[in-house]
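Dumped target_12.txt below, it's compact mmCIF, C-alpha atoms:
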# COMPACT_ATOMS: atom_id res chain seq x y z
CA MET A 284 -28.92 -34.31 -58.79
CA GLU A 285 -27.40 -36.58 -56.14
CA ARG A 286 -29.13 -36.31 -52.77
CA ALA A 287 -27.08 -35.54 -49.66
CA ARG A 288 -26.46 -38.48 -47.32
CA ILE A 289 -27.45 -37.96 -43.68
CA ARG A 290 -25.63 -40.03 -41.08
CA VAL A 291 -27.99 -41.43 -38.45
CA PHE A 292 -26.41 -41.46 -34.99
CA ASP A 293 -28.54 -43.63 -32.70
CA THR A 294 -28.31 -42.83 -28.98
CA THR A 295 -30.99 -45.25 -27.76
CA LEU A 296 -28.41 -47.19 -25.73
CA ARG A 297 -26.94 -44.07 -24.09
CA ASP A 298 -29.19 -41.00 -23.88
CA GLY A 299 -32.28 -43.11 -24.50
CA GLU A 300 -31.37 -45.41 -21.63
CA GLN A 301 -31.29 -42.37 -19.33
CA SER A 302 -35.06 -42.18 -19.69
CA PRO A 303 -36.59 -43.24 -16.34
CA GLY A 304 -37.44 -46.93 -16.43
CA CYS A 305 -35.49 -47.62 -19.63
CA SER A 306 -32.14 -48.86 -18.27
CA MET A 307 -30.71 -51.97 -19.92
CA ASN A 308 -28.20 -54.59 -18.81
CA VAL A 309 -25.28 -55.83 -20.92
CA ARG A 310 -27.21 -58.65 -22.60
CA GLU A 311 -30.15 -56.39 -23.42
CA LYS A 312 -27.91 -53.67 -24.85
CA LEU A 313 -26.14 -56.19 -27.04
CA ARG A 314 -29.45 -57.57 -28.29
CA MET A 315 -30.68 -54.06 -29.09
CA ALA A 316 -27.38 -53.17 -30.79
CA HIS A 317 -27.73 -56.12 -33.18
CA GLN A 318 -31.19 -54.86 -34.17
CA LEU A 319 -29.88 -51.32 -34.65
CA ASP A 320 -27.24 -52.79 -36.94
CA ARG A 321 -29.99 -54.53 -38.95
CA LEU A 322 -31.88 -51.23 -39.05
CA GLY A 323 -28.89 -49.66 -40.79
CA VAL A 324 -27.93 -46.79 -38.49
CA ASP A 325 -24.48 -45.29 -39.12
CA VAL A 326 -23.42 -44.76 -35.51
CA ILE A 327 -24.43 -46.60 -32.33
CA GLU A 328 -23.69 -44.73 -29.12
CA ALA A 329 -23.38 -47.76 -26.88
CA GLY A 330 -23.08 -46.07 -23.50
CA PHE A 331 -21.13 -43.98 -21.01
CA PRO A 332 -18.21 -46.24 -20.03
CA ILE A 333 -17.18 -44.45 -16.83
CA ALA A 334 -20.75 -44.39 -15.47
CA SER A 335 -20.61 -47.99 -14.20
CA ASP A 336 -18.84 -51.30 -14.68
CA GLY A 337 -21.97 -52.57 -16.42
CA ASP A 338 -21.97 -49.73 -18.93
CA PHE A 339 -18.25 -50.24 -19.56
CA GLU A 340 -18.86 -53.93 -20.25
CA ALA A 341 -21.81 -53.10 -22.50
CA VAL A 342 -19.76 -50.71 -24.65
CA GLN A 343 -16.93 -53.24 -24.75
CA SER A 344 -19.29 -56.06 -25.81
CA VAL A 345 -21.01 -53.98 -28.49
CA SER A 346 -17.59 -52.86 -29.80
CA ALA A 347 -16.44 -56.47 -30.10
CA SER A 348 -19.66 -57.82 -31.66
CA ILE A 349 -21.01 -55.14 -34.01
CA ARG A 350 -18.55 -54.52 -36.83
CA ARG A 351 -20.29 -52.44 -39.54
CA PRO A 352 -21.33 -49.15 -37.88
CA VAL A 353 -19.27 -46.70 -35.86
CA ILE A 354 -19.45 -47.47 -32.13
CA ALA A 355 -19.32 -44.39 -29.89
CA GLY A 356 -18.72 -44.04 -26.17
CA LEU A 357 -19.51 -40.89 -24.21
CA ALA A 358 -16.93 -39.10 -22.04
CA ARG A 359 -16.86 -35.89 -20.07
CA ALA A 360 -14.05 -33.51 -20.96
CA CYS A 361 -11.61 -34.97 -18.42
CA THR A 362 -8.77 -37.48 -18.52
CA PRO A 363 -10.33 -40.38 -16.51
CA ASP A 364 -13.50 -40.39 -18.67
CA ILE A 365 -11.62 -40.29 -21.96
CA GLU A 366 -9.19 -43.03 -20.95
CA ARG A 367 -12.03 -45.23 -19.71
CA ALA A 368 -13.98 -44.66 -22.92
CA TRP A 369 -11.02 -45.72 -25.02
CA GLN A 370 -10.50 -48.89 -23.00
CA ALA A 371 -14.11 -49.87 -23.73
CA LEU A 372 -13.97 -48.85 -27.42
CA LYS A 373 -10.56 -50.05 -28.54
CA GLY A 374 -11.89 -53.39 -29.81
CA ALA A 375 -14.35 -51.71 -32.22
CA SER A 376 -13.81 -51.76 -35.98
CA HIS A 377 -14.81 -48.08 -36.11
CA PRO A 378 -14.47 -46.48 -32.64
CA ARG A 379 -15.48 -42.92 -31.77
CA ILE A 380 -14.89 -41.03 -28.54
CA HIS A 381 -17.71 -38.56 -27.90
CA VAL A 382 -16.49 -35.76 -25.61
CA PHE A 383 -18.88 -33.23 -24.11
CA LEU A 384 -18.67 -30.14 -21.92
CA ALA A 385 -21.33 -27.62 -20.91
CA THR A 386 -20.82 -24.17 -22.43
CA SER A 387 -23.81 -22.01 -21.43
CA ASP A 388 -23.27 -19.35 -18.78
CA ILE A 389 -25.87 -20.90 -16.47
CA HIS A 390 -24.00 -24.24 -16.55
CA LEU A 391 -20.58 -22.61 -16.22
CA LYS A 392 -21.68 -20.56 -13.22
CA TYR A 393 -23.83 -22.97 -11.25
CA LYS A 394 -22.73 -26.46 -12.31
CA LEU A 395 -19.07 -26.31 -13.37
CA ARG A 396 -18.08 -23.06 -11.63
CA ILE A 397 -15.51 -22.17 -14.25
CA SER A 398 -15.01 -19.21 -16.58
CA ARG A 399 -15.59 -19.18 -20.33
CA GLN A 400 -11.83 -19.23 -20.94
CA GLN A 401 -11.38 -22.22 -18.64
CA CYS A 402 -14.22 -23.96 -20.48
CA LEU A 403 -12.58 -23.34 -23.87
CA GLU A 404 -9.22 -24.63 -22.67
CA GLN A 405 -10.74 -27.72 -21.03
CA ALA A 406 -12.68 -28.59 -24.20
CA ARG A 407 -9.62 -28.11 -26.41
CA ASP A 408 -7.36 -30.19 -24.16
CA ALA A 409 -9.93 -32.97 -23.85
CA VAL A 410 -10.26 -33.28 -27.64
CA ARG A 411 -6.46 -33.33 -27.98
CA LEU A 412 -6.24 -36.17 -25.48
CA ALA A 413 -9.05 -38.14 -27.16
CA LYS A 414 -7.27 -37.68 -30.49
CA THR A 415 -4.20 -39.48 -29.15
CA PHE A 416 -6.33 -42.61 -28.74
CA CYS A 417 -8.78 -42.39 -31.62
CA GLN A 418 -8.93 -40.62 -34.97
CA ASP A 419 -12.71 -40.21 -34.81
CA VAL A 420 -13.54 -37.67 -32.10
CA GLU A 421 -16.91 -35.96 -31.66
CA PHE A 422 -17.35 -32.89 -29.47
CA SER A 423 -20.64 -31.64 -28.02
CA PRO A 424 -21.03 -28.22 -26.33
CA GLU A 425 -23.79 -29.12 -23.86
CA ASP A 426 -26.65 -26.59 -23.77
CA ALA A 427 -25.39 -25.02 -27.01
CA THR A 428 -28.71 -23.30 -27.75
CA ARG A 429 -28.44 -21.26 -24.53
CA THR A 430 -24.75 -20.48 -25.04
CA ASP A 431 -23.52 -17.06 -26.17
CA THR A 432 -23.09 -17.43 -29.94
CA ASP A 433 -19.76 -15.62 -30.16
CA PHE A 434 -18.27 -17.76 -27.40
CA LEU A 435 -19.75 -20.93 -28.90
CA CYS A 436 -18.10 -20.24 -32.26
CA ARG A 437 -14.72 -19.51 -30.64
CA LEU A 438 -14.89 -22.75 -28.64
CA LEU A 439 -15.91 -24.82 -31.66
CA GLU A 440 -13.03 -23.36 -33.64
CA ALA A 441 -10.64 -24.38 -30.86
CA VAL A 442 -11.84 -28.00 -30.78
CA VAL A 443 -11.67 -28.25 -34.59
CA GLU A 444 -8.05 -27.11 -34.41
CA ALA A 445 -7.48 -29.73 -31.69
CA GLY A 446 -8.70 -32.49 -33.99
CA ALA A 447 -12.46 -32.94 -33.59
CA THR A 448 -14.03 -34.61 -36.63
CA THR A 449 -17.70 -34.08 -35.70
CA LEU A 450 -19.24 -31.02 -34.04
CA ASN A 451 -22.51 -31.98 -32.43
CA ILE A 452 -24.83 -29.08 -31.54
CA PRO A 453 -27.20 -30.12 -28.75
CA ASP A 454 -30.47 -28.44 -27.88
CA THR A 455 -30.01 -30.04 -24.46
CA VAL A 456 -33.15 -28.70 -22.79
CA GLY A 457 -35.40 -28.54 -25.86
CA TYR A 458 -35.45 -24.74 -25.77
CA ALA A 459 -34.91 -23.80 -29.43
CA MET A 460 -37.46 -23.07 -32.13
CA PRO A 461 -36.88 -24.61 -35.58
CA ALA A 462 -36.05 -21.35 -37.41
CA GLU A 463 -33.77 -20.32 -34.57
CA PHE A 464 -31.95 -23.67 -34.49
CA GLY A 465 -31.49 -23.68 -38.25
CA GLN A 466 -30.04 -20.18 -38.05
CA LEU A 467 -27.57 -21.33 -35.38
CA ILE A 468 -26.32 -24.13 -37.65
CA GLU A 469 -25.89 -21.64 -40.51
CA THR A 470 -24.00 -19.23 -38.23
CA ILE A 471 -21.61 -21.99 -37.16
CA GLN A 472 -21.01 -22.90 -40.80
CA HIS A 473 -20.16 -19.32 -41.72
CA ARG A 474 -18.11 -18.29 -38.68
CA VAL A 475 -16.09 -21.33 -37.52
CA ARG A 476 -12.78 -21.67 -39.36
CA GLY A 477 -12.04 -25.21 -40.51
CA ILE A 478 -15.71 -26.18 -40.44
CA GLU A 479 -15.39 -27.67 -43.95
CA ARG A 480 -13.16 -30.41 -42.48
CA VAL A 481 -15.76 -31.67 -40.02
CA THR A 482 -19.33 -32.97 -39.92
CA ILE A 483 -21.97 -30.83 -38.24
CA SER A 484 -24.44 -32.84 -36.16
CA ALA A 485 -27.67 -32.01 -34.32
CA HIS A 486 -28.93 -33.52 -31.05
CA CYS A 487 -32.38 -32.24 -30.06
CA HIS A 488 -34.56 -32.85 -27.02
CA ASP A 489 -38.34 -32.76 -27.01
CA ASP A 490 -39.24 -30.57 -24.02
CA LEU A 491 -41.43 -28.34 -26.23
CA GLY A 492 -42.35 -31.14 -28.65
CA LEU A 493 -40.02 -29.74 -31.33
CA ALA A 494 -37.12 -32.21 -31.37
CA VAL A 495 -37.93 -33.66 -34.80
CA ALA A 496 -38.76 -30.24 -36.29
CA ASN A 497 -35.51 -28.82 -34.94
CA SER A 498 -33.54 -31.78 -36.28
CA LEU A 499 -35.03 -31.34 -39.76
CA ALA A 500 -34.30 -27.60 -39.61
CA ALA A 501 -30.66 -28.38 -38.74
CA ILE A 502 -30.39 -30.79 -41.68
CA ALA A 503 -31.87 -28.19 -44.04
CA ALA A 504 -29.29 -25.68 -42.74
CA GLY A 505 -26.36 -28.01 -43.42
CA ALA A 506 -26.07 -30.58 -40.62
CA ARG A 507 -25.14 -33.97 -42.05
CA GLN A 508 -25.49 -36.09 -38.93
CA VAL A 509 -28.61 -36.32 -36.78
CA GLU A 510 -28.69 -37.83 -33.30
CA CYS A 511 -31.91 -39.55 -32.32
CA ALA A 512 -33.42 -42.50 -30.48
CA ILE A 513 -35.91 -45.26 -31.19
CA ASN A 514 -39.38 -44.36 -29.87
CA GLY A 515 -37.94 -40.94 -29.02
CA ILE A 516 -36.83 -42.14 -25.57
CA GLY A 517 -34.38 -40.07 -23.56
CA GLU A 518 -33.96 -37.61 -20.70
CA ARG A 519 -37.18 -35.88 -19.53
CA ALA A 520 -39.46 -35.54 -22.59
CA GLY A 521 -37.05 -37.58 -24.71
CA ASN A 522 -34.89 -37.25 -27.80
CA ALA A 523 -35.79 -36.68 -31.42
CA SER A 524 -37.56 -39.80 -32.67
CA LEU A 525 -35.45 -41.72 -35.19
CA GLU A 526 -38.46 -43.19 -36.98
CA GLU A 527 -40.11 -39.78 -37.41
CA ILE A 528 -36.98 -38.12 -38.82
CA VAL A 529 -36.32 -40.95 -41.27
CA MET A 530 -39.90 -41.16 -42.53
CA ALA A 531 -40.28 -37.38 -42.80
CA MET A 532 -37.40 -37.39 -45.27
CA ARG A 533 -38.70 -40.53 -46.99
CA VAL A 534 -42.28 -39.25 -47.41
CA ARG A 535 -41.39 -35.63 -48.31
CA PRO A 536 -38.28 -35.75 -50.55
CA ASP A 537 -39.60 -32.63 -52.28
CA LEU A 538 -38.83 -30.63 -49.12
CA HIS A 539 -36.16 -32.87 -47.59
CA PRO A 540 -34.10 -34.32 -50.46
CA TYR A 541 -31.81 -36.45 -48.33
CA ASP A 542 -30.94 -40.13 -48.05
CA THR A 543 -30.13 -42.30 -45.04
CA GLY A 544 -28.92 -45.87 -44.73
CA VAL A 545 -31.90 -46.83 -42.58
CA LEU A 546 -34.03 -49.77 -43.76
CA SER A 547 -37.44 -48.37 -42.95
CA ASP A 548 -39.19 -51.76 -42.84
CA GLN A 549 -37.13 -52.49 -39.72
CA LEU A 550 -38.51 -49.48 -37.81
CA TYR A 551 -41.51 -51.24 -36.28
CA PRO A 552 -39.62 -54.43 -35.31
CA THR A 553 -36.93 -52.25 -33.69
CA SER A 554 -39.54 -50.27 -31.77
CA LYS A 555 -41.25 -53.45 -30.57
CA LEU A 556 -37.95 -54.94 -29.42
CA LEU A 557 -37.11 -51.82 -27.42
CA SER A 558 -40.52 -51.88 -25.73
CA GLU A 559 -40.07 -55.56 -24.94
CA ILE A 560 -36.60 -54.99 -23.41
CA THR A 561 -37.48 -51.90 -21.35
CA GLY A 562 -41.09 -52.78 -20.52
CA VAL A 563 -42.07 -49.25 -21.56
CA SER A 564 -44.92 -49.19 -24.08
CA VAL A 565 -45.22 -46.70 -26.91
CA GLN A 566 -48.17 -44.30 -26.67
CA PRO A 567 -50.94 -45.55 -29.00
CA ASN A 568 -50.99 -42.37 -31.13
CA LYS A 569 -47.19 -42.23 -31.58
CA ALA A 570 -46.35 -41.31 -35.17
CA ILE A 571 -45.07 -44.11 -37.43
CA ILE A 572 -44.97 -46.96 -34.89
CA GLY A 573 -47.85 -46.36 -32.43
CA ARG A 574 -50.68 -48.88 -32.24
CA ASN A 575 -53.09 -46.37 -33.81
CA ALA A 576 -50.73 -45.04 -36.49
CA PHE A 577 -52.43 -47.21 -39.13
CA ALA A 578 -55.76 -47.84 -37.37
CA HIS A 579 -59.03 -46.19 -38.45
CA GLU A 580 -62.32 -45.93 -36.55
CA ALA A 581 -64.24 -42.99 -38.04
CA GLY A 582 -66.76 -44.04 -40.67
CA ILE A 583 -65.67 -41.47 -43.24
CA HIS A 584 -62.05 -42.61 -42.89
CA GLN A 585 -62.95 -46.30 -43.06
CA ASP A 586 -65.03 -45.68 -46.15
CA GLY A 587 -62.12 -43.91 -47.83
CA MET A 588 -59.64 -46.60 -46.79
CA LEU A 589 -61.82 -49.35 -48.24
CA LYS A 590 -61.96 -47.51 -51.56
CA ASN A 591 -58.32 -46.38 -51.69
CA PRO A 592 -55.88 -46.38 -48.73
CA LEU A 593 -54.16 -43.28 -50.13
CA THR A 594 -57.17 -41.26 -49.01
CA TYR A 595 -56.02 -41.43 -45.39
CA GLU A 596 -52.50 -42.90 -45.30
CA ILE A 597 -49.41 -41.06 -46.54
CA MET A 598 -47.21 -44.15 -46.30
CA THR A 599 -47.94 -47.86 -46.39
CA PRO A 600 -47.78 -49.70 -43.07
CA GLN A 601 -45.48 -52.26 -44.70
CA SER A 602 -42.95 -49.50 -45.49
CA VAL A 603 -42.20 -49.21 -41.76
CA GLY A 604 -42.63 -52.90 -40.93
CA VAL A 605 -46.24 -52.80 -39.69
CA PRO A 606 -48.11 -55.87 -41.04
CA ASP A 607 -51.25 -54.04 -42.22
CA SER A 608 -53.71 -51.24 -41.62
CA THR A 609 -56.68 -52.02 -39.41
CA LEU A 610 -60.25 -50.81 -39.17
CA VAL A 611 -61.44 -50.67 -35.55
CA LEU A 612 -65.14 -51.05 -34.83
CA GLY A 613 -66.36 -48.34 -32.47
CA LYS A 614 -69.14 -45.80 -32.25
CA HIS A 615 -67.68 -43.76 -35.12
CA SER A 616 -67.58 -46.68 -37.57
CA GLY A 617 -69.81 -46.94 -40.62
CA ARG A 618 -71.75 -49.68 -42.40
CA HIS A 619 -68.96 -50.57 -44.80
CA ALA A 620 -66.50 -51.52 -42.07
CA LEU A 621 -69.23 -53.38 -40.17
CA ALA A 622 -70.24 -55.32 -43.28
CA LEU A 623 -66.63 -56.27 -43.96
CA ARG A 624 -66.13 -57.60 -40.45
CA CYS A 625 -69.35 -59.55 -40.62
CA GLU A 626 -68.12 -61.17 -43.84
CA GLN A 627 -64.84 -62.08 -42.17
CA LEU A 628 -66.81 -63.70 -39.35
CA GLY A 629 -68.75 -65.74 -41.91
CA TYR A 630 -71.92 -63.66 -42.39
CA GLN A 631 -73.41 -61.88 -45.37
CA PHE A 632 -76.54 -59.75 -45.08
CA GLU A 633 -79.10 -58.21 -47.35
CA ARG A 634 -79.28 -54.44 -47.10
CA ARG A 635 -82.28 -54.46 -44.76
CA GLU A 636 -80.62 -56.96 -42.41
CA LEU A 637 -77.39 -54.95 -42.37
CA ASP A 638 -79.30 -51.77 -41.51
CA GLU A 639 -80.80 -53.48 -38.47
CA ILE A 640 -77.46 -54.92 -37.35
CA TYR A 641 -75.88 -51.50 -37.81
CA ARG A 642 -78.60 -49.79 -35.75
CA ARG A 643 -78.00 -52.19 -32.88
CA PHE A 644 -74.23 -51.87 -33.30
CA VAL A 645 -74.32 -48.07 -32.90
CA ILE A 646 -76.40 -48.37 -29.70
CA LEU A 647 -73.91 -50.85 -28.25
CA ALA A 648 -70.85 -48.90 -29.41
CA ASP A 649 -72.17 -45.85 -27.56
CA LYS A 650 -71.98 -47.86 -24.33
CA ILE A 651 -68.55 -49.52 -24.68
CA LYS A 652 -65.24 -48.30 -26.13
CA THR A 653 -64.61 -51.00 -28.73
CA VAL A 654 -66.98 -53.61 -30.12
CA GLU A 655 -65.25 -56.97 -30.02
CA ASP A 656 -66.06 -59.95 -32.20
CA ARG A 657 -67.93 -61.72 -29.39
CA HIS A 658 -70.17 -58.66 -29.01
CA LEU A 659 -70.79 -58.54 -32.73
CA LEU A 660 -71.71 -62.23 -32.88
CA GLU A 661 -74.15 -61.73 -30.04
CA LEU A 662 -75.71 -58.75 -31.81
CA ILE A 663 -76.19 -60.81 -34.94
CA ARG A 664 -77.76 -63.70 -33.02
CA GLU A 665 -80.20 -61.49 -31.13
CA ALA A 666 -81.12 -59.52 -34.22
CA ARG A 667 -81.92 -62.72 -36.11
CA GLU A 668 -83.91 -64.14 -33.24
CA GLN A 669 -86.05 -61.00 -33.04
CA ALA A 670 -86.38 -60.82 -36.82
CA GLN A 671 -88.09 -64.21 -36.75
CA ARG A 672 -90.77 -62.79 -34.44
CA ILE A 673 -91.36 -59.23 -35.71
CA PRO A 674 -90.43 -57.22 -38.80
CA PRO A 675 -87.02 -55.54 -38.51
CA GLY A 676 -88.51 -52.07 -38.87
CA HIS A 677 -90.44 -52.51 -35.57
CA VAL A 678 -87.71 -53.95 -33.39
CA GLY A 679 -87.28 -51.98 -30.18
CA GLU A 680 -84.05 -50.67 -28.75
CA LEU A 681 -81.24 -53.14 -28.20
CA PRO A 682 -81.61 -54.88 -24.84
CA LEU A 683 -79.12 -53.51 -22.33
CA ALA A 684 -77.99 -57.04 -21.44
CA ILE A 685 -75.35 -57.05 -24.17
CA ALA A 686 -73.88 -53.73 -23.07
CA ALA A 687 -73.97 -54.82 -19.45
CA SER A 688 -72.20 -58.10 -20.19
CA ALA A 689 -69.65 -56.24 -22.33
CA SER A 690 -68.89 -53.82 -19.52
CA ALA A 691 -68.51 -56.72 -17.10
CA GLY A 692 -66.32 -58.64 -19.55
CA GLN A 693 -68.83 -61.54 -19.72
CA THR A 694 -69.35 -63.77 -22.72
CA ARG A 695 -72.54 -65.53 -23.74
CA PRO A 696 -72.90 -68.35 -26.31
CA SER A 697 -73.09 -66.80 -29.75
CA GLY A 698 -75.03 -69.44 -31.66
CA ALA A 699 -72.97 -68.41 -34.70
CA TYR A 700 -74.41 -69.24 -38.10
CA PHE A 701 -72.09 -69.27 -41.11
CA SER A 702 -73.77 -68.59 -44.45
CA LYS A 703 -70.44 -68.97 -46.33
CA PRO A 704 -66.85 -70.02 -45.56
CA LEU A 705 -64.69 -67.43 -43.82
CA ALA A 706 -63.10 -65.10 -46.35
CA THR A 707 -60.37 -64.22 -43.84
CA PRO A 708 -59.95 -66.70 -40.95
CA LEU A 709 -60.18 -64.98 -37.60
CA PRO A 710 -57.02 -65.37 -35.47
CA ALA A 711 -57.60 -67.55 -32.42
CA ASP A 712 -56.36 -64.83 -30.06
CA SER A 713 -58.27 -61.97 -31.70
CA LYS A 714 -59.87 -59.76 -29.07
CA THR A 715 -61.02 -56.64 -30.84
CA SER A 716 -62.66 -56.05 -34.16
CA GLU A 717 -59.66 -54.81 -36.10
CA LEU A 718 -60.01 -55.46 -39.79
CA PRO A 719 -57.24 -55.83 -42.34
CA LEU A 720 -58.27 -53.86 -45.38
CA SER A 721 -60.01 -55.49 -48.34
CA LYS A 722 -62.80 -54.67 -50.74
CA VAL A 723 -66.42 -54.79 -49.59
CA GLU A 724 -69.71 -54.26 -51.35
CA GLN A 725 -70.55 -50.54 -51.53
CA HIS A 726 -74.03 -49.72 -50.25
CA GLY A 727 -73.94 -46.04 -51.03
CA GLU A 728 -71.45 -43.27 -51.64
CA GLN A 729 -72.39 -40.95 -48.77
CA GLU A 730 -73.93 -43.05 -46.01
CA ASP A 731 -70.71 -43.56 -44.05
CA TYR A 732 -69.90 -39.86 -43.97
CA LEU A 733 -71.04 -39.60 -40.38
CA TRP A 734 -67.76 -38.46 -38.91
CA GLY A 735 -65.48 -35.98 -40.60
CA VAL A 736 -61.97 -34.82 -39.89

What would you get if you wrote out this structure as structure tokens?
Amino acid sequence: MERARIRVFDTTLRDGEQSPGCSMNVREKLRMAHQLDRLGVDVIEAGFPIASDGDFEAVQSVSASIRRPVIAGLARACTPDIERAWQALKGASHPRIHVFLATSDIHLKYKLRISRQQCLEQARDAVRLAKTFCQDVEFSPEDATRTDTDFLCRLLEAVVEAGATTLNIPDTVGYAMPAEFGQLIETIQHRVRGIERVTISAHCHDDLGLAVANSLAAIAAGARQVECAINGIGERAGNASLEEIVMAMRVRPDLHPYDTGVLSDQLYPTSKLLSEITGVSVQPNKAIIGRNAFAHEAGIHQDGMLKNPLTYEIMTPQSVGVPDSTLVLGKHSGRHALALRCEQLGYQFERRELDEIYRRFVILADKIKTVEDRHLLELIREAREQAQRIPPGHVGELPLAIAASASAGQTRPSGAYFSKPLATPLPADSKTSELPLSKVEQHGEQEDYLWGV
């Protein structure tokens, strides 16, 4: 059976840019748009043309330079916005005017100060005007999830009759629950006349941490476009994360049998470029593209990864553009990961020697967050020096000098001794003991099971 195709509408350059500290100039937007094109998104929302001359120029530049995807420009449901949007978009190969108007009672009463009927008429007239400029018109009822359902369906029916080709349902304040949002999409499908002629879209915010879950629920209920942003950036807590939505469908086709045009191995490069442009780093534990997404410190996890990466990774790092998995040496690490790193630094030990190095390593790792290569080399040197004087079984506790120098960021000569050529050359700029995965001699099946789930 052919899988349904989901259109990926990227709003990194518009809603994403509204995230505090993430604004971009014309050159930066154009650079990011080229990468989004390489990523394979279907729609790039390039900006809000009436917001500023810079945003107008950015939308105009993206429209002229990026020819494959649809280029969208945002406009409020009023004549000046729509005309300005068209002026910026008219050079695009595939232009789209994205019209929006708030529809919830709280917005109508306190922000717009208009009635429901006035709202319906304004939305309908705005879509009609946009249609005179552009055949591809998207309409979004802002705060749809807090809008009266009967009124929402009547308004959507009116804009479909006026010519809208995409109905985007925003969970503007991240209020909905997944089952509830899915039910709303189903209700719209069943009650809005002419719905078969348009594409239903979902645009979810992450105020309760449910933007991706809500987006997937909308897709399961029949939405065929999903609006999202790289790194999940956007207003307040952000938008649904593009990389998480795409990989959820890619990893679990049994539950989400849908295809996208996204090239998943471009996800990490796209994320890195966005961080470089905005100066806003991704949180280390961010799914898919965070620094720790494919990093392992716990001994039981490292042991499993060394035997078969499938034990602790549900996708390969290369599938999202990450070079490799890493094993990080810290207080939770086991002997296997330590032995592998020692080999990569040029050392091989007999079992008794490794036990002594490991004992010292655990003491040090308890005092500092991450054991770096310089610390490890110093451990090895001191252990060997003491081993020449007394049997390893009687060596006292690790001198505190190493931990003290580590905390102070000091380095001492390592006196490194290489018993064999480096199996994996250590990068010149390597700072922490992060190990690319490879096989290592197994010392025992259970000894690294120090730290569980």

Exercise for the section: Excluding A:Asp649 and residues on its chain fewer than 2 positions from it, collect all residues at most 10 Å away from it, counting only C-alpha atoms, and give them as a VMD selection string. Expected result: chain A and resid 613 to 615 644 to 647 651 to 654 686

Quick one: which stretch 399-493 of chain A residues come within 10 Å of stretch 521-533 of chain A, and what is the nearest atom pair for each with the distance in Å to one decimal, counting only C-alpha atoms, rows ordered by chain and ascending number, as a Markdown table?
| residue | atom | partner | partner_atom | distance |
| --- | --- | --- | --- | --- |
| A:Asp454 | CA | A:Asn522 | CA | 9.9 |
| A:Thr455 | CA | A:Asn522 | CA | 9.3 |
| A:Val456 | CA | A:Gly521 | CA | 9.9 |
| A:Gly457 | CA | A:Asn522 | CA | 8.9 |
| A:Ala485 | CA | A:Ala523 | CA | 9.8 |
| A:His486 | CA | A:Ala523 | CA | 7.6 |
| A:Cys487 | CA | A:Ala523 | CA | 5.8 |
| A:His488 | CA | A:Asn522 | CA | 4.5 |
| A:Asp489 | CA | A:Gly521 | CA | 5.5 |
| A:Asp490 | CA | A:Gly521 | CA | 7.4 |
| A:Gly492 | CA | A:Ala523 | CA | 9.0 |
| A:Leu493 | CA | A:Ala523 | CA | 8.1 |

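With all atoms listed in the file as the atoms that count, the residue of A:Ala501, A:Ala360, A:Leu296, A:Ile468 with the shortest distance to A:Gly330 is A:Leu296.
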
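With all atoms listed in the file as the atoms that count, the minimum distance from A:Met460 to the choices A:Ile327, A:Ser498, A:Leu439, A:Ala358 is reached by A:Ser498.
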
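When all atoms listed in the file are used to measure the gap to A:Ala287, the shortest distance among A:Asn514, A:Ser302, A:Gln466, A:Thr543 belongs to A:Thr543.
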
Since the input lacks atoms, please generate N, CA and C atoms for stretch 315-324 of chain A and provide them as a PDB file, in the coordinates of the input.
ATOM      1  N   MET A 315     -30.162 -55.253 -28.417  1.00  0.00           N
ATOM      2  CA  MET A 315     -30.680 -54.060 -29.090  1.00  0.00           C
ATOM      3  C   MET A 315     -29.694 -53.558 -30.134  1.00  0.00           C
ATOM      4  N   ALA A 316     -28.398 -53.638 -29.846  1.00  0.00           N
ATOM      5  CA  ALA A 316     -27.380 -53.170 -30.790  1.00  0.00           C
ATOM      6  C   ALA A 316     -27.411 -53.982 -32.082  1.00  0.00           C
ATOM      7  N   HIS A 317     -27.637 -55.277 -31.972  1.00  0.00           N
ATOM      8  CA  HIS A 317     -27.730 -56.120 -33.180  1.00  0.00           C
ATOM      9  C   HIS A 317     -28.912 -55.674 -34.041  1.00  0.00           C
ATOM     10  N   GLN A 318     -30.033 -55.321 -33.397  1.00  0.00           N
ATOM     11  CA  GLN A 318     -31.190 -54.860 -34.170  1.00  0.00           C
ATOM     12  C   GLN A 318     -30.929 -53.504 -34.793  1.00  0.00           C
ATOM     13  N   LEU A 319     -30.237 -52.619 -34.084  1.00  0.00           N
ATOM     14  CA  LEU A 319     -29.880 -51.320 -34.650  1.00  0.00           C
ATOM     15  C   LEU A 319     -28.965 -51.486 -35.855  1.00  0.00           C
ATOM     16  N   ASP A 320     -28.105 -52.476 -35.793  1.00  0.00           N
ATOM     17  CA  ASP A 320     -27.240 -52.790 -36.940  1.00  0.00           C
ATOM     18  C   ASP A 320     -28.084 -53.239 -38.119  1.00  0.00           C
ATOM     19  N   ARG A 321     -29.077 -54.105 -37.866  1.00  0.00           N
ATOM     20  CA  ARG A 321     -29.990 -54.530 -38.950  1.00  0.00           C
ATOM     21  C   ARG A 321     -30.774 -53.352 -39.498  1.00  0.00           C
ATOM     22  N   LEU A 322     -31.131 -52.422 -38.629  1.00  0.00           N
ATOM     23  CA  LEU A 322     -31.880 -51.230 -39.050  1.00  0.00           C
ATOM     24  C   LEU A 322     -31.065 -50.371 -40.010  1.00  0.00           C
ATOM     25  N   GLY A 323     -29.741 -50.393 -39.858  1.00  0.00           N
ATOM     26  CA  GLY A 323     -28.890 -49.660 -40.790  1.00  0.00           C
ATOM     27  C   GLY A 323     -28.403 -48.314 -40.305  1.00  0.00           C
ATOM     28  N   VAL A 324     -28.437 -48.066 -38.980  1.00  0.00           N
ATOM     29  CA  VAL A 324     -27.930 -46.790 -38.490  1.00  0.00           C
ATOM     30  C   VAL A 324     -26.421 -46.711 -38.733  1.00  0.00           C
TER      31      VAL A 324
END
